[in-house]
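Asks: Below you'll find input.cif; it's mmCIF, C-alpha atoms and all ligand atoms.
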```cif
data_data
loop_
_atom_site.label_atom_id
_atom_site.label_comp_id
_atom_site.auth_asym_id
_atom_site.auth_seq_id
_atom_site.Cartn_x
_atom_site.Cartn_y
_atom_site.Cartn_z
CA MET Y 1 -0.73 175.89 139.41
CA TRP Y 2 1.93 173.50 138.11
CA ARG Y 3 4.56 175.00 140.41
CA GLY Y 4 2.27 174.55 143.43
CA ALA Y 5 1.73 170.89 142.59
CA ALA Y 6 5.47 170.31 142.22
CA VAL Y 7 6.21 171.94 145.58
CA ARG Y 8 3.52 169.79 147.25
CA ALA Y 9 5.03 166.67 145.65
CA VAL Y 10 8.51 167.48 146.98
CA ARG Y 11 7.17 168.34 150.47
CA GLY Y 12 5.23 165.09 150.47
CA ALA Y 13 8.34 163.06 149.68
CA GLY Y 14 9.19 162.71 153.38
CA SER Y 15 5.94 160.88 154.02
CA SER Y 16 6.38 158.36 151.19
CA ARG Y 17 4.62 155.03 151.68
CA ALA Y 18 7.21 152.26 151.60
CA ALA Y 19 6.29 148.93 150.00
CA SER Y 20 5.71 146.29 152.62
CA GLY Y 21 6.07 142.50 152.60
CA ALA Y 22 8.91 140.05 153.12
CA ALA Y 23 10.40 140.45 149.63
CA ALA Y 24 10.48 144.25 149.94
CA ALA Y 25 12.10 143.99 153.39
CA GLN Y 26 14.70 141.54 152.09
CA LEU Y 27 15.47 143.82 149.15
CA ARG Y 28 15.85 146.82 151.46
CA ARG Y 29 18.31 144.91 153.70
CA ARG Y 30 20.34 143.76 150.70
CA LEU Y 31 20.51 147.24 149.19
CA GLU Y 32 21.48 148.81 152.50
CA GLY Y 33 24.24 146.21 152.84
CA GLU Y 34 25.56 146.99 149.36
CA LEU Y 35 25.48 150.73 150.04
CA GLU Y 36 27.41 150.18 153.27
CA GLU Y 37 30.03 148.18 151.34
CA ILE Y 38 30.47 151.06 148.88
CA ARG Y 39 30.88 153.51 151.77
CA GLY Y 40 33.28 151.15 153.53
CA ALA Y 41 35.41 150.80 150.39
CA GLY Y 42 35.73 154.59 150.26
CA THR Y 43 34.29 154.72 146.73
CA TRP Y 44 31.05 156.54 147.54
CA LYS Y 45 30.30 159.20 144.94
CA SER Y 46 28.56 162.20 146.47
CA GLU Y 47 27.14 165.02 144.40
CA ARG Y 48 27.70 168.69 145.07
CA VAL Y 49 24.65 170.79 144.32
CA ILE Y 50 25.21 173.79 142.06
CA ALA Y 51 22.84 176.71 142.47
CA SER Y 52 23.90 178.67 139.38
CA ARG Y 53 24.49 178.12 135.66
CA GLN Y 54 27.38 175.96 134.51
CA GLY Y 55 30.47 178.09 133.96
CA PRO Y 56 33.96 178.94 135.19
CA HIS Y 57 32.47 180.61 138.28
CA LEU Y 58 29.80 178.79 140.27
CA ARG Y 59 27.56 179.22 143.26
CA LEU Y 60 27.09 176.08 145.31
CA ALA Y 61 23.83 175.37 147.14
CA GLY Y 62 24.06 176.35 150.79
CA GLY Y 63 26.66 179.09 150.32
CA GLY Y 64 29.90 179.04 148.40
CA ALA Y 65 29.55 181.81 145.81
CA GLY Y 66 32.34 182.67 143.36
CA ILE Y 67 33.73 179.13 143.31
CA LEU Y 68 36.22 178.61 140.49
CA ASN Y 69 35.14 175.55 138.56
CA PHE Y 70 37.76 173.22 137.06
CA CYS Y 71 35.82 170.00 136.69
CA ALA Y 72 33.20 170.42 133.96
CA ASN Y 73 33.46 169.22 130.36
CA ASN Y 74 32.39 172.73 129.34
CA TYR Y 75 35.53 172.95 127.23
CA LEU Y 76 34.52 175.95 125.16
CA GLY Y 77 32.34 177.69 127.72
CA LEU Y 78 29.29 177.35 125.46
CA SER Y 79 27.03 175.84 128.15
CA SER Y 80 25.95 179.29 129.24
CA HIS Y 81 26.78 181.27 126.08
CA PRO Y 82 24.06 183.90 125.55
CA GLN Y 83 23.50 182.95 121.89
CA VAL Y 84 23.23 179.26 122.79
CA ILE Y 85 20.65 180.00 125.49
CA ARG Y 86 18.67 182.26 123.13
CA ALA Y 87 18.65 179.53 120.46
CA ALA Y 88 17.25 177.07 123.00
CA VAL Y 89 14.48 179.46 124.02
CA GLN Y 90 13.57 180.11 120.36
CA ALA Y 91 13.46 176.39 119.57
CA LEU Y 92 11.34 175.76 122.66
CA GLU Y 93 8.85 178.44 121.67
CA GLU Y 94 8.66 177.45 118.02
CA PHE Y 95 8.82 173.65 118.31
CA GLY Y 96 7.52 172.95 121.82
CA ALA Y 97 8.81 171.10 124.85
CA GLY Y 98 9.18 167.72 123.20
CA LEU Y 99 7.88 165.23 120.69
CA SER Y 100 6.20 162.63 122.89
CA SER Y 101 7.39 160.16 120.31
CA VAL Y 102 10.31 158.27 118.87
CA ARG Y 103 11.76 159.52 115.61
CA PHE Y 104 10.20 157.01 113.19
CA ILE Y 105 6.65 157.31 114.50
CA CYS Y 106 5.94 160.98 114.98
CA GLY Y 107 9.14 162.50 116.31
CA THR Y 108 11.21 164.01 113.50
CA GLN Y 109 11.11 167.79 113.13
CA SER Y 110 12.88 169.96 110.59
CA ILE Y 111 15.38 171.02 113.30
CA HIS Y 112 16.42 167.40 113.86
CA LYS Y 113 17.15 166.99 110.14
CA ASP Y 114 18.96 170.35 110.04
CA LEU Y 115 21.15 169.42 113.01
CA GLU Y 116 22.04 166.04 111.50
CA GLU Y 117 23.02 167.75 108.27
CA LYS Y 118 25.10 170.30 110.20
CA ILE Y 119 26.92 167.60 112.21
CA ALA Y 120 27.81 165.71 109.02
CA ARG Y 121 29.09 168.94 107.43
CA PHE Y 122 31.10 169.83 110.55
CA HIS Y 123 32.87 166.45 110.47
CA GLN Y 124 33.03 166.30 106.65
CA ARG Y 125 31.06 163.04 106.63
CA GLU Y 126 28.16 161.86 104.44
CA ASP Y 127 25.40 161.76 107.04
CA ALA Y 128 24.65 161.78 110.77
CA ILE Y 129 22.06 160.38 113.18
CA LEU Y 130 21.05 161.85 116.55
CA TYR Y 131 20.66 159.94 119.81
CA ALA Y 132 19.52 160.96 123.30
CA SER Y 133 23.17 160.63 124.41
CA CYS Y 134 26.53 159.41 123.19
CA PHE Y 135 26.09 156.55 125.66
CA ASP Y 136 23.12 155.52 123.50
CA ALA Y 137 25.07 156.05 120.27
CA ASN Y 138 27.77 153.70 121.58
CA ALA Y 139 25.19 151.23 122.89
CA GLY Y 140 23.46 151.14 119.52
CA ILE Y 141 26.16 150.94 116.89
CA PHE Y 142 28.07 147.68 117.37
CA GLU Y 143 25.04 145.42 117.59
CA ALA Y 144 23.51 147.01 114.50
CA LEU Y 145 26.70 146.82 112.46
CA LEU Y 146 28.56 143.66 113.46
CA THR Y 147 27.56 139.99 113.28
CA PRO Y 148 29.24 136.77 114.54
CA GLU Y 149 31.20 136.78 111.26
CA ASP Y 150 32.92 140.06 112.22
CA ALA Y 151 35.47 141.23 114.78
CA VAL Y 152 35.84 144.31 116.96
CA LEU Y 153 39.18 145.34 118.46
CA SER Y 154 38.85 147.69 121.42
CA ASP Y 155 41.38 149.65 123.51
CA GLU Y 156 41.27 148.30 127.08
CA LEU Y 157 40.67 151.79 128.51
CA ASN Y 158 37.78 152.70 126.24
CA HIS Y 159 34.80 154.45 127.82
CA ALA Y 160 32.24 152.30 129.66
CA SER Y 161 29.62 152.97 126.98
CA ILE Y 162 31.86 151.49 124.25
CA ILE Y 163 32.51 148.47 126.45
CA ASP Y 164 28.76 148.03 127.04
CA GLY Y 165 27.96 148.53 123.34
CA ILE Y 166 30.50 145.86 122.38
CA ARG Y 167 29.07 143.49 125.02
CA LEU Y 168 25.69 143.78 123.31
CA CYS Y 169 26.98 142.69 119.90
CA LYS Y 170 27.74 139.16 118.74
CA ALA Y 171 31.00 139.92 116.95
CA ASN Y 172 34.31 138.33 117.99
CA LYS Y 173 35.89 140.54 120.64
CA TYR Y 174 39.55 141.50 121.00
CA ARG Y 175 40.82 143.85 123.70
CA TYR Y 176 44.21 145.42 123.01
CA LYS Y 177 46.50 147.02 125.60
CA HIS Y 178 46.02 150.75 126.03
CA MET Y 179 47.45 152.55 122.98
CA ASP Y 180 49.82 149.61 122.40
CA MET Y 181 50.32 149.31 118.64
CA GLN Y 182 52.28 146.05 118.82
CA ASP Y 183 49.43 144.43 120.68
CA LEU Y 184 46.86 145.89 118.26
CA GLU Y 185 48.86 144.52 115.31
CA ALA Y 186 49.01 141.05 116.87
CA LYS Y 187 45.26 141.12 117.47
CA LEU Y 188 44.60 142.35 113.91
CA GLN Y 189 46.65 139.43 112.56
CA ASP Y 190 44.59 137.05 114.64
CA ALA Y 191 41.38 138.69 113.44
CA GLN Y 192 42.18 138.20 109.74
CA LYS Y 193 39.97 135.11 109.72
CA HIS Y 194 36.86 137.25 110.24
CA ARG Y 195 34.79 138.99 107.54
CA LEU Y 196 35.17 142.55 108.81
CA ARG Y 197 37.45 144.14 111.43
CA LEU Y 198 36.53 147.30 113.33
CA VAL Y 199 39.10 149.03 115.56
CA ALA Y 200 37.32 151.06 118.27
CA THR Y 201 39.05 153.71 120.36
CA ASP Y 202 38.37 156.86 122.32
CA GLY Y 203 39.95 159.77 120.40
CA ALA Y 204 41.00 161.30 123.74
CA PHE Y 205 40.89 159.33 127.00
CA SER Y 206 39.10 161.19 129.75
CA MET Y 207 40.92 159.80 132.78
CA ASP Y 208 44.46 160.39 131.53
CA GLY Y 209 44.07 163.24 129.05
CA ASP Y 210 46.01 161.24 126.47
CA ILE Y 211 45.24 161.17 122.76
CA ALA Y 212 44.95 157.93 120.79
CA PRO Y 213 47.79 157.36 118.27
CA LEU Y 214 45.31 157.61 115.41
CA ARG Y 215 47.92 157.88 112.64
CA GLU Y 216 49.44 154.57 113.65
CA ILE Y 217 46.01 153.00 114.21
CA CYS Y 218 44.92 154.06 110.72
CA GLN Y 219 48.14 152.72 109.18
CA LEU Y 220 47.55 149.34 110.84
CA ALA Y 221 43.91 149.42 109.79
CA GLN Y 222 44.98 149.98 106.20
CA LYS Y 223 47.58 147.17 106.38
CA TYR Y 224 45.07 144.67 107.82
CA ASP Y 225 41.98 145.88 106.00
CA ALA Y 226 40.10 147.15 109.03
CA LEU Y 227 37.72 150.04 109.70
CA VAL Y 228 38.34 152.67 112.38
CA PHE Y 229 35.73 153.95 114.86
CA ILE Y 230 36.49 156.83 117.27
CA ASP Y 231 34.58 158.22 120.23
CA GLU Y 232 35.20 161.95 120.14
CA CYS Y 233 33.38 163.09 123.29
CA HIS Y 234 36.57 164.70 124.64
CA ALA Y 235 37.76 166.08 121.31
CA THR Y 236 34.82 167.43 119.27
CA GLY Y 237 34.79 171.20 119.14
CA PHE Y 238 38.33 171.93 120.28
CA LEU Y 239 41.02 169.47 119.10
CA GLY Y 240 42.62 170.24 115.73
CA PRO Y 241 43.05 173.63 114.01
CA ASN Y 242 39.28 173.98 113.46
CA GLY Y 243 38.09 171.98 116.45
CA ARG Y 244 36.91 169.06 114.31
CA GLY Y 245 38.56 166.55 116.62
CA THR Y 246 41.33 164.00 116.87
CA ASP Y 247 41.11 162.99 113.21
CA GLU Y 248 41.74 166.61 112.17
CA LEU Y 249 44.49 167.07 114.78
CA LEU Y 250 46.36 164.02 113.48
CA GLY Y 251 45.59 164.49 109.78
CA VAL Y 252 43.52 161.33 109.26
CA VAL Y 253 40.04 162.73 108.51
CA ASP Y 254 39.74 160.53 105.42
CA LYS Y 255 40.95 157.38 107.21
CA VAL Y 256 38.46 157.25 110.10
CA THR Y 257 35.17 155.69 108.98
CA ILE Y 258 32.86 156.23 111.97
CA ILE Y 259 32.68 158.98 114.60
CA ASN Y 260 30.49 158.93 117.69
CA SER Y 261 30.35 162.02 119.86
CA THR Y 262 28.31 164.00 122.34
CA LEU Y 263 26.41 167.26 122.33
CA GLY Y 264 26.69 167.24 126.13
CA LYS Y 265 30.23 168.53 126.55
CA ALA Y 266 31.88 171.16 124.29
CA LEU Y 267 28.88 171.57 121.94
CA GLY Y 268 26.63 173.51 124.31
CA GLY Y 269 26.63 170.95 127.08
CA ALA Y 270 22.89 170.21 127.14
CA ALA Y 271 22.57 166.54 126.15
CA GLY Y 272 22.50 164.30 123.11
CA GLY Y 273 24.86 162.27 121.01
CA TYR Y 274 25.37 161.19 117.43
CA THR Y 275 27.02 158.92 114.91
CA THR Y 276 28.43 160.37 111.72
CA GLY Y 277 29.88 158.43 108.80
CA PRO Y 278 28.92 156.76 105.50
CA LYS Y 279 25.30 157.24 104.44
CA PRO Y 280 24.42 153.53 104.20
CA LEU Y 281 25.65 153.04 107.77
CA ILE Y 282 23.49 155.91 109.04
CA ASP Y 283 20.52 154.57 107.06
CA LEU Y 284 21.05 151.15 108.66
CA LEU Y 285 21.24 152.64 112.16
CA ARG Y 286 17.87 154.33 111.58
CA GLN Y 287 16.42 150.88 110.81
CA ARG Y 288 18.23 148.76 113.39
CA SER Y 289 19.81 150.73 116.24
CA ARG Y 290 17.75 150.00 119.35
CA PRO Y 291 18.42 153.15 121.46
CA TYR Y 292 17.40 155.21 118.38
CA LEU Y 293 14.33 153.16 117.54
CA PHE Y 294 12.96 152.82 121.07
CA SER Y 295 13.73 156.14 122.77
CA ASN Y 296 12.22 159.61 122.55
CA SER Y 297 13.41 162.30 120.12
CA LEU Y 298 15.81 164.95 121.37
CA PRO Y 299 13.85 167.90 122.85
CA PRO Y 300 13.80 171.00 120.60
CA ALA Y 301 15.57 173.22 123.17
CA VAL Y 302 18.45 170.74 123.28
CA VAL Y 303 18.59 170.66 119.48
CA GLY Y 304 18.61 174.47 119.44
CA CYS Y 305 21.62 174.64 121.80
CA ALA Y 306 23.73 172.19 119.81
CA SER Y 307 22.80 173.73 116.50
CA LYS Y 308 23.88 177.20 117.65
CA ALA Y 309 27.11 175.83 119.16
CA LEU Y 310 27.98 174.29 115.79
CA ASP Y 311 27.16 177.56 113.99
CA LEU Y 312 29.55 179.41 116.28
CA LEU Y 313 32.30 176.87 115.64
CA MET Y 314 31.78 176.83 111.88
CA GLU Y 315 31.78 180.65 111.66
CA SER Y 316 35.28 180.96 113.09
CA ASN Y 317 38.01 178.80 114.56
CA ALA Y 318 38.83 181.43 117.23
CA ILE Y 319 36.88 179.67 120.01
CA ALA Y 320 38.47 176.30 119.30
CA GLN Y 321 41.92 177.84 119.18
CA SER Y 322 41.49 179.74 122.44
CA MET Y 323 41.66 176.42 124.27
CA ALA Y 324 45.25 175.53 123.48
CA ALA Y 325 46.96 178.54 125.14
CA LYS Y 326 44.95 178.12 128.36
CA THR Y 327 45.81 174.43 128.55
CA GLN Y 328 49.47 175.15 127.93
CA ARG Y 329 49.53 177.82 130.68
CA PHE Y 330 48.13 175.43 133.29
CA ARG Y 331 50.25 172.43 132.31
CA SER Y 332 53.54 174.35 132.20
CA LYS Y 333 52.96 176.28 135.46
CA MET Y 334 51.94 173.12 137.34
CA THR Y 335 54.94 171.20 136.01
CA ALA Y 336 57.24 174.07 137.01
CA ALA Y 337 55.70 173.94 140.50
CA GLY Y 338 56.77 170.29 140.76
CA PHE Y 339 53.55 168.40 139.92
CA THR Y 340 53.26 165.56 137.41
CA ILE Y 341 50.49 166.18 134.89
CA SER Y 342 49.39 163.16 132.86
CA GLY Y 343 48.67 163.33 129.11
CA LYS Y 344 49.80 165.94 126.63
CA ASP Y 345 48.26 169.09 125.11
CA HIS Y 346 44.75 168.16 126.29
CA PRO Y 347 42.54 170.34 128.53
CA ILE Y 348 42.02 167.29 130.75
CA CYS Y 349 44.97 167.75 133.09
CA PRO Y 350 45.21 164.94 135.69
CA VAL Y 351 47.43 165.99 138.60
CA MET Y 352 48.98 162.65 139.53
CA LEU Y 353 49.19 162.03 143.29
CA GLY Y 354 49.17 158.23 143.65
CA ASP Y 355 47.53 157.98 147.06
CA ALA Y 356 43.70 157.94 147.16
CA ARG Y 357 43.39 159.65 150.53
CA LEU Y 358 45.83 162.40 149.51
CA ALA Y 359 43.77 163.07 146.37
CA ALA Y 360 40.53 163.27 148.40
CA VAL Y 361 41.98 165.50 151.15
CA MET Y 362 43.68 167.84 148.68
CA ALA Y 363 40.48 168.20 146.61
CA GLU Y 364 38.55 169.13 149.80
CA ASP Y 365 41.21 171.65 150.77
CA MET Y 366 41.14 173.16 147.28
CA LEU Y 367 37.40 173.71 147.67
CA SER Y 368 37.93 175.45 151.00
CA ARG Y 369 40.10 177.85 148.97
CA GLY Y 370 37.33 178.36 146.43
CA ILE Y 371 38.61 175.96 143.73
CA TYR Y 372 36.30 173.12 142.69
CA VAL Y 373 38.26 170.06 141.52
CA ILE Y 374 37.59 166.35 141.94
CA GLY Y 375 39.82 163.53 143.15
CA PHE Y 376 39.64 160.18 141.34
CA SER Y 377 40.78 156.92 142.82
CA TYR Y 378 40.27 153.15 142.42
CA PRO Y 379 38.09 151.68 140.88
CA VAL Y 380 37.64 154.67 138.52
CA VAL Y 381 41.42 154.68 137.91
CA PRO Y 382 43.96 151.89 138.63
CA LYS Y 383 45.12 151.32 142.24
CA GLY Y 384 48.04 153.59 143.20
CA LYS Y 385 47.19 156.07 140.42
CA ALA Y 386 44.88 158.43 142.29
CA ARG Y 387 44.74 161.91 140.91
CA ILE Y 388 42.90 165.20 140.89
CA ARG Y 389 41.50 165.80 137.43
CA VAL Y 390 41.57 169.44 136.37
CA GLN Y 391 39.67 170.47 133.26
CA ILE Y 392 40.51 173.71 131.55
CA SER Y 393 37.87 175.70 129.72
CA ALA Y 394 38.36 178.33 127.04
CA VAL Y 395 36.47 180.78 129.27
CA HIS Y 396 38.88 180.49 132.20
CA SER Y 397 40.88 183.70 132.42
CA ASP Y 398 44.65 183.65 132.90
CA GLU Y 399 43.99 184.91 136.44
CA ASP Y 400 41.64 181.95 137.10
CA ILE Y 401 44.34 179.54 135.97
CA ASP Y 402 47.04 181.25 138.03
CA ARG Y 403 44.79 181.19 141.12
CA CYS Y 404 44.27 177.46 140.64
CA VAL Y 405 48.03 176.81 140.33
CA GLU Y 406 48.75 178.91 143.45
CA ALA Y 407 46.14 177.02 145.47
CA PHE Y 408 47.53 173.66 144.27
CA THR Y 409 51.02 174.73 145.28
CA GLU Y 410 49.90 175.76 148.80
CA VAL Y 411 47.75 172.67 149.31
CA GLY Y 412 50.41 170.37 147.81
CA ARG Y 413 53.05 171.71 150.26
CA LYS Y 414 50.66 171.46 153.20
CA HIS Y 415 49.88 167.79 152.52
CA GLY Y 416 53.36 166.70 151.49
CA ALA Y 417 52.68 166.26 147.76
CA LEU Y 418 55.36 168.90 147.08
CA PRO Y 419 58.63 169.36 148.97
N1 LIG Y 501 32.08 158.49 125.60
C1 LIG Y 501 32.97 159.13 126.38
C2 LIG Y 501 34.43 159.00 126.07
C3 LIG Y 501 32.53 159.92 127.47
O1 LIG Y 501 33.41 160.55 128.25
C4 LIG Y 501 31.14 160.02 127.71
C5 LIG Y 501 30.62 160.83 128.84
O2 LIG Y 501 31.15 160.94 129.90
C6 LIG Y 501 30.26 159.34 126.87
C7 LIG Y 501 30.75 158.58 125.83
C8 LIG Y 501 28.78 159.44 127.07
O3 LIG Y 501 28.35 160.69 126.61
P1 LIG Y 501 26.89 161.22 126.95
O4 LIG Y 501 27.02 162.03 128.20
O5 LIG Y 501 26.48 162.03 125.76
O6 LIG Y 501 26.04 160.01 127.14
#
```
Just give me the structure as structure tokens.
Replies:
Amino acid sequence: MWRGAAVRAVRGAGSSRAASGAAAAQLRRRLEGELEEIRGAGTWKSERVIASRQGPHLRLAGGGAGILNFCANNYLGLSSHPQVIRAAVQALEEFGAGLSSVRFICGTQSIHKDLEEKIARFHQREDAILYASCFDANAGIFEALLTPEDAVLSDELNHASIIDGIRLCKANKYRYKHMDMQDLEAKLQDAQKHRLRLVATDGAFSMDGDIAPLREICQLAQKYDALVFIDECHATGFLGPNGRGTDELLGVVDKVTIINSTLGKALGGAAGGYTTGPKPLIDLLRQRSRPYLFSNSLPPAVVGCASKALDLLMESNAIAQSMAAKTQRFRSKMTAAGFTISGKDHPICPVMLGDARLAAVMAEDMLSRGIYVIGFSYPVVPKGKARIRVQISAVHSDEDIDRCVEAFTEVGRKHGALP
């Protein structure tokens, strides 16, 4: 019965009744103009439709089976791991589809508390709080924590959600040049007049695959009495000997005060985000953080996925470690073929091409050879720095990686990116 109603709703979409009136017509004209501008600027983002599960091999809607996928954040291949899927089904059956409530009214189940405890244990922190996404975690932390008496110092290339979160708070704002420790030090000196200083950085930057110099950041933070916040979306689960993240990789677990991260990438890939850190901070976020207070609880199936992913990672470090060799294979073979790969030792491997059109044409040609990769150009990356971003997953086989390198080499020669 429900399925029938849904099908009727979709079929009926073509005969939707548009709002009428002068204001609606004016809005429509303005929106169509803006959309045309986006198309004209060549920055239109279209979406390919996948007709299978997420994984290293995909089927695209309208054909295209057996496509090799190199553009998901499914770093550990847990998005379709049988145990992760089973855990989601069990949680769904035992705890239902959802809570129809925010956490503090009627929306906290034992599995939410268990997952928060597990996240804190995984990161060796005192406590953790769940959000519907890491975007929400970033949107909710700065405003709750910082006042006009305080200062936040943010890397200029931080993720959009950190930038938005900082915009929402009333602290004094400093933006330091990307990973530039001299500039950070100058800004920290300037910020001495404020009550509290918080340095905020991505642990790993998703456009360049580079890793923040956390040791140096923590040394400066110590020298100038500042706290350190890291966004670990592109690190949790696979960086460091046990996959704990950038702080483990660089030996500064006890120097980083606050971690925000996602459950939507390496940790099962469903959705959700969190903050982990000192207990009084987490307690305060439960009282004050707006995306937490005014948004629905994470659905049980999503909690089940993340919880199982963490179990798998805490049982053994084999999955986390399997990442490094695959990344190394791709980076070294591509470099030997003559390509420039940005970043270092990170499964985000941007193949630097410079020209936006070249990146777009090469990505299309890769797909015609069964390899799904995405070209990025301005305004997502700076002008003249267009690239194809390749993301390696622990579940890519060596043959998958070699096939990708071969296709890049052929396509690169064809379009003049290689001699
Ligand atoms: N922070 C960084 C660095 C990200 O790359 C992303 C997602 O792309 C987010 C935050 C947002 O994460 P989520 O998808 O959980 O909202």
Asks: Nearest residue to Y:Thr147 out of Y:Pro82, Y:Arg125, Y:Lys173, Y:Ala337, using all atoms listed in the file?
Replies: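 Among Y:Pro82, Y:Arg125, Y:Lys173, Y:Ala337, it is Y:Lys173 that comes nearest to Y:Thr147.
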Asks: Show me which residues line ligand LIG 501 (chain Y), defined as having an atom within 10 Å of a ligand atom where all atoms listed in the file count, and present them as a short mmCIF file (atom, residue, chain, number, x, y, z; two decimals) with C-alpha atoms, in the frame of the given file.
Replies:
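File produced: result09.cif:
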```
data_model
loop_
_atom_site.label_atom_id
_atom_site.label_comp_id
_atom_site.auth_asym_id
_atom_site.auth_seq_id
_atom_site.Cartn_x
_atom_site.Cartn_y
_atom_site.Cartn_z
CA ASN Y 73 33.46 169.22 130.36
CA TYR Y 131 20.66 159.94 119.81
CA ALA Y 132 19.52 160.96 123.30
CA SER Y 133 23.17 160.63 124.41
CA CYS Y 134 26.53 159.41 123.19
CA PHE Y 135 26.09 156.55 125.66
CA ASP Y 136 23.12 155.52 123.50
CA ALA Y 137 25.07 156.05 120.27
CA ASN Y 138 27.77 153.70 121.58
CA ALA Y 139 25.19 151.23 122.89
CA LEU Y 157 40.67 151.79 128.51
CA ASN Y 158 37.78 152.70 126.24
CA HIS Y 159 34.80 154.45 127.82
CA ALA Y 160 32.24 152.30 129.66
CA SER Y 161 29.62 152.97 126.98
CA ILE Y 162 31.86 151.49 124.25
CA THR Y 201 39.05 153.71 120.36
CA ASP Y 202 38.37 156.86 122.32
CA GLY Y 203 39.95 159.77 120.40
CA ALA Y 204 41.00 161.30 123.74
CA PHE Y 205 40.89 159.33 127.00
CA SER Y 206 39.10 161.19 129.75
CA MET Y 207 40.92 159.80 132.78
CA ILE Y 230 36.49 156.83 117.27
CA ASP Y 231 34.58 158.22 120.23
CA GLU Y 232 35.20 161.95 120.14
CA CYS Y 233 33.38 163.09 123.29
CA HIS Y 234 36.57 164.70 124.64
CA ALA Y 235 37.76 166.08 121.31
CA ASN Y 260 30.49 158.93 117.69
CA SER Y 261 30.35 162.02 119.86
CA THR Y 262 28.31 164.00 122.34
CA LEU Y 263 26.41 167.26 122.33
CA GLY Y 264 26.69 167.24 126.13
CA LYS Y 265 30.23 168.53 126.55
CA GLY Y 269 26.63 170.95 127.08
CA ALA Y 270 22.89 170.21 127.14
CA ALA Y 271 22.57 166.54 126.15
CA GLY Y 272 22.50 164.30 123.11
CA GLY Y 273 24.86 162.27 121.01
CA TYR Y 274 25.37 161.19 117.43
#
```
Asks: May I ask which of the residues Y:Cys305, Y:Ile163, Y:Val199, Y:Ala61 is the closest one to Y:Ile111, counting only C-alpha atoms?
Replies: Y:Cys305
Asks: If I put a ball of radius 12 Å at (42.7, 177.8, 125.2) in the file's coordinates, which residues poke into it when counting all atoms listed in the file, written as JSON, numbers by chain?
Replies: {"Y": [75, 76, 77, 237, 238, 239, 241, 243, 317, 318, 319, 320, 321, 322, 323, 324, 325, 326, 327, 328, 329, 330, 331, 345, 346, 347, 348, 391, 392, 393, 394, 395, 396, 397, 398, 401]}
Asks: Just give me the residues with any atom within 10 Å of (15.7, 169.9, 116.9), file coordinates, counting all atoms listed in the file, written as a list in words.
Replies: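 Every residue inside that radius is included here: Ala88, Ala91, Leu92, Phe95, Gly98, Leu99, Gly107, Thr108, Gln109, Ser110, Ile111, His112, Lys113, Asp114, Leu115, Glu116, Leu130, Ser297, Leu298, Pro299, Pro300, Ala301, Val302, Val303, Gly304, Cys305, Ala306 and Ser307 of chain Y.
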Asks: What separation in Å, quoted to one decimal, exists between atom CA of Y:Arg48 and atom CA of Y:Arg28?
Replies: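 Pair atom CA of Y:Arg48 / atom CA of Y:Arg28 returns 25.7 Å.
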Asks: Which one of Y:Val102, Y:Ser80, Y:Pro56, Y:Ile50 sits closest to Y:Arg286 if you count only C-alpha atoms?
Replies: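 Smallest separation from Y:Arg286 among the options: Y:Val102.
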Asks: For each of Y:Leu153, Y:Ala356, Y:Ala171, Y:Leu267, take the minimum atom-to-atom distance to Y:Pro379, counting all atoms listed in the file, then give the residue where this is smallest.
Replies: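 Distance minimum relative to Y:Pro379 lands on Y:Ala356.
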Asks: Nearest residue to Y:Thr43 out of Y:Ala360, Y:Cys169, Y:Leu227, Y:Ala65, using all atoms listed in the file?
Replies: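 So, comparing all the options, the nearest one is Y:Ala360.
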Asks: Of the candidates Y:Ala226, Y:Ile211, Y:Ile105, Y:Ile67, which shows the shortest atom-to-atom distance to Y:Leu250, using all atoms listed in the file?
Replies: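 Closest to Y:Leu250, using all atoms listed in the file: Y:Ile211.
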Asks: Could you check how far atom CA of Y:Tyr224 sits from atom CA of Y:Glu185, in Å to one decimal?
Replies: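 The value is 8.4 Å.
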Asks: Work out how far atom CA of Y:Leu78 is from atom CA of Y:Glu364, in Å to one decimal.
Replies: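 Result for atom CA of Y:Glu364 versus atom CA of Y:Leu78: 27.3 Å, one decimal.
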Asks: Please identify all polymer residues within 8 Å of Y:Ala363, counting only C-alpha atoms, omitting same-chain residues fewer than 3 positions from it, and present them as a list in words.
Replies: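 Surrounding residues, per the criterion: Ala359, Ala360, Met366, Leu367, Tyr372, Val373, Ile374, Gly375 and Ile388 of chain Y.
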Asks: List as a tab-separated table (two decimals) with C-alpha atoms, keeping the file's coordinate frame the protein and nucleic acid residues near Y:Thr409, meaning an atom at most 12 Å away when only C-alpha atoms are counted, but skip any in the same chain fewer than 5 places from it.
Replies:
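Output contents, as saved in selection.tsv:
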```tsv
chain	number	residue	atom	x	y	z
Y	333	LYS	CA	52.96	176.28	135.46
Y	334	MET	CA	51.94	173.12	137.34
Y	335	THR	CA	54.94	171.20	136.01
Y	336	ALA	CA	57.24	174.07	137.01
Y	337	ALA	CA	55.70	173.94	140.50
Y	338	GLY	CA	56.77	170.29	140.76
Y	339	PHE	CA	53.55	168.40	139.92
Y	351	VAL	CA	47.43	165.99	138.60
Y	362	MET	CA	43.68	167.84	148.68
Y	365	ASP	CA	41.21	171.65	150.77
Y	366	MET	CA	41.14	173.16	147.28
Y	369	ARG	CA	40.10	177.85	148.97
Y	402	ASP	CA	47.04	181.25	138.03
Y	403	ARG	CA	44.79	181.19	141.12
Y	404	CYS	CA	44.27	177.46	140.64
Y	414	LYS	CA	50.66	171.46	153.20
Y	415	HIS	CA	49.88	167.79	152.52
Y	416	GLY	CA	53.36	166.70	151.49
Y	417	ALA	CA	52.68	166.26	147.76
Y	418	LEU	CA	55.36	168.90	147.08
Y	419	PRO	CA	58.63	169.36	148.97
```
